[in-house]
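Working notes, beginning with the structure itself.
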Amino acid sequence: MGVASFAIDLGLLALLHEVGKVDLWIATPIAFLTSLVFNFFVQKKFTFQSGARAHVSFLKYGALVIFNLFATDVIVNLIAGAGQSYAIGKVVATIATTAWNFLLYKHWIFKEQKATGTPTADLTPDATLSSRREK
């Protein structure tokens, strides 16, 4: 799904900047945000099959999006400002953000919340057998 998100991001960036003549400082975050909204729903539903509360996950995801938005915009524009292609900047930004995103998705954003105070049954064969003997 990361490839699809990247294709949406880079494709929309090129469309906005090359065809629409939108400045990079505006086109980059628009493309980035569009791909991240797509990515949130795909990650939640398919990659992590998360049952975590959507609103909590979305708030955490939003905080990461804001950080990634600024990081991506700065990286793309620094590389473009150094005389390189903005597309190279986009690739560099994507590599940089992908590394920390996966870990944060798995361990923070889409992590299942453990129920508190809810008793759990031990359904192992030994536990079931011993509970029958006690009766």
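Going by the structure tokens order, chains are called A, B, ..., each with residues numbered from 1, while ligands are numbered from 1 in the order shown.
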Report task. Could you give me, as a PyMOL selection string, the residues within 9 Å of Ala54 (chain A), counting only C-alpha atoms and dropping anything in the same chain fewer than 5 positions from it? Result -> chain A and resi 44+59+110
Requested in this report: Compile the contact shell of Ile8 (chain A) as a VMD selection string: residues with an atom at most 9 Å away, counting only C-alpha atoms, same-chain residues fewer than 4 positions apart removed.
Outcome: chain A and resid 3 to 4 12 to 13 31 to 32 34 to 35 38
Taking N, CA, C and O atoms for each residue, export the selection above as a PDB file, in the first residue's frame.
```pdb
ATOM      1  N   VAL A   3       3.361   1.802  -1.868  1.00  0.00           N
ATOM      2  CA  VAL A   3       3.630   2.168  -3.262  1.00  0.00           C
ATOM      3  C   VAL A   3       2.455   2.972  -3.817  1.00  0.00           C
ATOM      4  O   VAL A   3       2.649   3.972  -4.514  1.00  0.00           O
ATOM      5  N   ALA A   4       1.236   2.566  -3.492  1.00  0.00           N
ATOM      6  CA  ALA A   4       0.054   3.292  -3.964  1.00  0.00           C
ATOM      7  C   ALA A   4       0.015   4.697  -3.365  1.00  0.00           C
ATOM      8  O   ALA A   4      -0.288   5.673  -4.063  1.00  0.00           O
ATOM      9  N   LEU A  12       0.221  13.386  -7.853  1.00  0.00           N
ATOM     10  CA  LEU A  12      -0.527  14.617  -7.615  1.00  0.00           C
ATOM     11  C   LEU A  12       0.413  15.814  -7.519  1.00  0.00           C
ATOM     12  O   LEU A  12       0.093  16.900  -8.025  1.00  0.00           O
ATOM     13  N   LEU A  13       1.584  15.620  -6.910  1.00  0.00           N
ATOM     14  CA  LEU A  13       2.572  16.697  -6.848  1.00  0.00           C
ATOM     15  C   LEU A  13       2.973  17.134  -8.255  1.00  0.00           C
ATOM     16  O   LEU A  13       2.978  18.327  -8.564  1.00  0.00           O
ATOM     17  N   ALA A  31      -0.409  17.388  -2.010  1.00  0.00           N
ATOM     18  CA  ALA A  31      -0.201  16.019  -2.479  1.00  0.00           C
ATOM     19  C   ALA A  31       0.071  15.088  -1.304  1.00  0.00           C
ATOM     20  O   ALA A  31      -0.463  13.972  -1.229  1.00  0.00           O
ATOM     21  N   PHE A  32       0.879  15.549  -0.378  1.00  0.00           N
ATOM     22  CA  PHE A  32       1.238  14.755   0.785  1.00  0.00           C
ATOM     23  C   PHE A  32       0.013  14.436   1.637  1.00  0.00           C
ATOM     24  O   PHE A  32      -0.221  13.284   2.018  1.00  0.00           O
ATOM     25  N   THR A  34      -3.149  14.433   0.783  1.00  0.00           N
ATOM     26  CA  THR A  34      -4.062  13.560   0.048  1.00  0.00           C
ATOM     27  C   THR A  34      -3.630  12.107   0.156  1.00  0.00           C
ATOM     28  O   THR A  34      -4.440  11.216   0.436  1.00  0.00           O
ATOM     29  N   SER A  35      -2.345  11.865  -0.042  1.00  0.00           N
ATOM     30  CA  SER A  35      -1.858  10.486   0.045  1.00  0.00           C
ATOM     31  C   SER A  35      -1.942   9.951   1.474  1.00  0.00           C
ATOM     32  O   SER A  35      -2.188   8.763   1.680  1.00  0.00           O
ATOM     33  N   PHE A  38      -5.530   8.761   2.303  1.00  0.00           N
ATOM     34  CA  PHE A  38      -5.676   7.447   1.673  1.00  0.00           C
ATOM     35  C   PHE A  38      -4.946   6.392   2.504  1.00  0.00           C
ATOM     36  O   PHE A  38      -5.484   5.327   2.810  1.00  0.00           O
TER      37      PHE A  38
END
```
Query raised in the report: Which residues come within 7 Å of Ile75 (chain A), counting only C-alpha atoms, excluding same-chain residues fewer than 4 positions away, as a list in words?
Result: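 The residues that qualify are Ala71, Ile79, Gly89 and Ala93 of chain A.
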For the residues selected in the previous step, produce a file with all heavy atoms as a compact mmCIF listing (two decimals), in the first residue's frame.
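Output saved as again-v5.txt:
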```txt
# COMPACT_ATOMS: atom_id res chain seq x y z
N ALA A 71 8.27 18.02 7.67
CA ALA A 71 9.53 17.35 7.30
C ALA A 71 9.61 17.16 5.79
O ALA A 71 10.64 17.45 5.17
CB ALA A 71 9.63 16.00 8.01
N ILE A 79 16.17 20.33 -1.15
CA ILE A 79 16.83 19.65 -2.25
C ILE A 79 16.58 20.39 -3.56
O ILE A 79 17.49 20.57 -4.37
CB ILE A 79 16.41 18.17 -2.31
CG1 ILE A 79 17.03 17.45 -1.10
CG2 ILE A 79 16.81 17.51 -3.63
CD1 ILE A 79 16.65 16.01 -0.92
N GLY A 89 13.93 15.13 -4.19
CA GLY A 89 13.59 15.55 -2.83
C GLY A 89 12.42 14.76 -2.28
O GLY A 89 12.41 14.37 -1.11
N ALA A 93 12.52 12.39 0.97
CA ALA A 93 11.56 12.62 2.06
C ALA A 93 10.75 11.37 2.35
O ALA A 93 10.49 11.04 3.52
CB ALA A 93 10.63 13.78 1.71
```
Report task. Work out how far apart CA of Ala82 (chain A) and CA of Phe70 (chain A) are and give it in Å to one decimal. Result ->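 For CA of Ala82 (chain A) relative to CA of Phe70 (chain A), the distance reads 18.0 Å.
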**Report entry** Proximity to Val37 (chain A) - best of A:Gly83, A:Gly62, A:Gly11, A:Gly51, only C-alpha atoms
**Finding:**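 Checking each candidate against Val37 (chain A), we get A:Gly62 as the closest.
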Requested in this report: For Thr47 (chain A), list every protein, DNA or RNA residue within 12 Å, evaluated using only C-alpha atoms, and leave out those in the same chain fewer than 6 positions away; present the list as a VMD selection string.
Outcome: chain A and resid 1 to 2 39 to 41 102 105 to 106 110
Report task. Using DSSP on the backbone, list every residue of region 12-127 of chain A that comes out as helix (DSSP H, G or I), and give them as a PyMOL selection string. Result -> chain A and resi 12-19+24-47+54-81+86-109+125-127
Write the selection just made, keeping C-alpha atoms, as a compact mmCIF listing (two decimals), in the first residue's frame?
```
# COMPACT_ATOMS: atom_id res chain seq x y z
CA LEU A 12 -0.53 14.62 -7.61
CA LEU A 13 2.57 16.70 -6.85
CA ALA A 14 3.66 16.51 -10.50
CA LEU A 15 0.13 17.23 -11.72
CA LEU A 16 -0.28 20.25 -9.47
CA HIS A 17 3.21 21.65 -10.06
CA GLU A 18 3.82 20.78 -13.72
CA VAL A 19 0.33 21.05 -15.16
CA LEU A 24 6.05 23.72 -4.69
CA TRP A 25 5.44 25.17 -1.20
CA ILE A 26 1.71 24.66 -1.79
CA ALA A 27 1.65 21.63 -4.11
CA THR A 28 3.88 19.50 -1.87
CA PRO A 29 1.66 19.57 1.24
CA ILE A 30 -1.56 19.15 -0.80
CA ALA A 31 -0.20 16.02 -2.48
CA PHE A 32 1.24 14.75 0.78
CA LEU A 33 -1.99 15.21 2.75
CA THR A 34 -4.06 13.56 0.05
CA SER A 35 -1.86 10.49 0.05
CA LEU A 36 -1.83 10.34 3.85
CA VAL A 37 -5.63 10.34 4.14
CA PHE A 38 -5.68 7.45 1.67
CA ASN A 39 -2.89 5.76 3.62
CA PHE A 40 -4.63 6.07 7.01
CA PHE A 41 -7.68 4.15 5.88
CA VAL A 42 -5.69 1.51 4.03
CA GLN A 43 -3.32 0.96 6.98
CA LYS A 44 -6.14 0.77 9.51
CA LYS A 45 -8.32 -1.56 7.49
CA PHE A 46 -5.88 -3.81 5.63
CA THR A 47 -2.31 -3.61 6.89
CA ALA A 54 -10.82 5.24 14.98
CA HIS A 55 -11.03 8.69 16.55
CA VAL A 56 -8.09 8.02 18.88
CA SER A 57 -6.03 6.52 16.05
CA PHE A 58 -6.95 9.42 13.80
CA LEU A 59 -5.81 12.02 16.36
CA LYS A 60 -2.47 10.27 16.78
CA TYR A 61 -2.20 9.89 13.03
CA GLY A 62 -2.96 13.60 12.65
CA ALA A 63 -0.08 14.52 14.95
CA LEU A 64 2.27 12.38 12.89
CA VAL A 65 0.87 13.88 9.67
CA ILE A 66 1.66 17.39 10.87
CA PHE A 67 5.22 16.39 11.68
CA ASN A 68 5.62 14.53 8.36
CA LEU A 69 4.06 17.42 6.46
CA PHE A 70 6.69 19.86 7.65
CA ALA A 71 9.53 17.35 7.30
CA THR A 72 8.50 16.50 3.73
CA ASP A 73 8.01 20.11 2.68
CA VAL A 74 11.39 21.13 4.10
CA ILE A 75 13.25 18.19 2.55
CA VAL A 76 11.67 18.66 -0.92
CA ASN A 77 12.33 22.39 -0.96
CA LEU A 78 15.87 22.14 0.44
CA ILE A 79 16.83 19.65 -2.25
CA ALA A 80 15.06 21.66 -4.98
CA GLY A 81 16.75 24.82 -3.67
CA TYR A 86 11.95 18.22 -6.57
CA ALA A 87 11.20 14.57 -7.44
CA ILE A 88 14.55 13.56 -5.91
CA GLY A 89 13.59 15.55 -2.83
CA LYS A 90 10.28 13.72 -2.72
CA VAL A 91 12.02 10.34 -2.87
CA VAL A 92 14.43 11.34 -0.09
CA ALA A 93 11.56 12.62 2.06
CA THR A 94 9.58 9.44 1.50
CA ILE A 95 12.50 7.22 2.52
CA ALA A 96 13.08 9.31 5.64
CA THR A 97 9.45 9.33 6.78
CA THR A 98 8.73 5.69 5.92
CA ALA A 99 11.22 4.39 8.45
CA TRP A 100 9.67 6.04 11.49
CA ASN A 101 6.08 5.84 10.20
CA PHE A 102 5.86 2.06 10.21
CA LEU A 103 7.09 1.78 13.78
CA LEU A 104 4.76 4.50 14.99
CA TYR A 105 1.80 3.01 13.12
CA LYS A 106 2.38 -0.42 14.63
CA HIS A 107 3.26 0.54 18.19
CA TRP A 108 1.36 3.77 18.75
CA ILE A 109 -1.33 4.68 16.23
CA PRO A 125 -6.51 -27.16 27.91
CA ASP A 126 -4.81 -27.44 31.31
CA ALA A 127 -6.87 -24.59 32.78
```
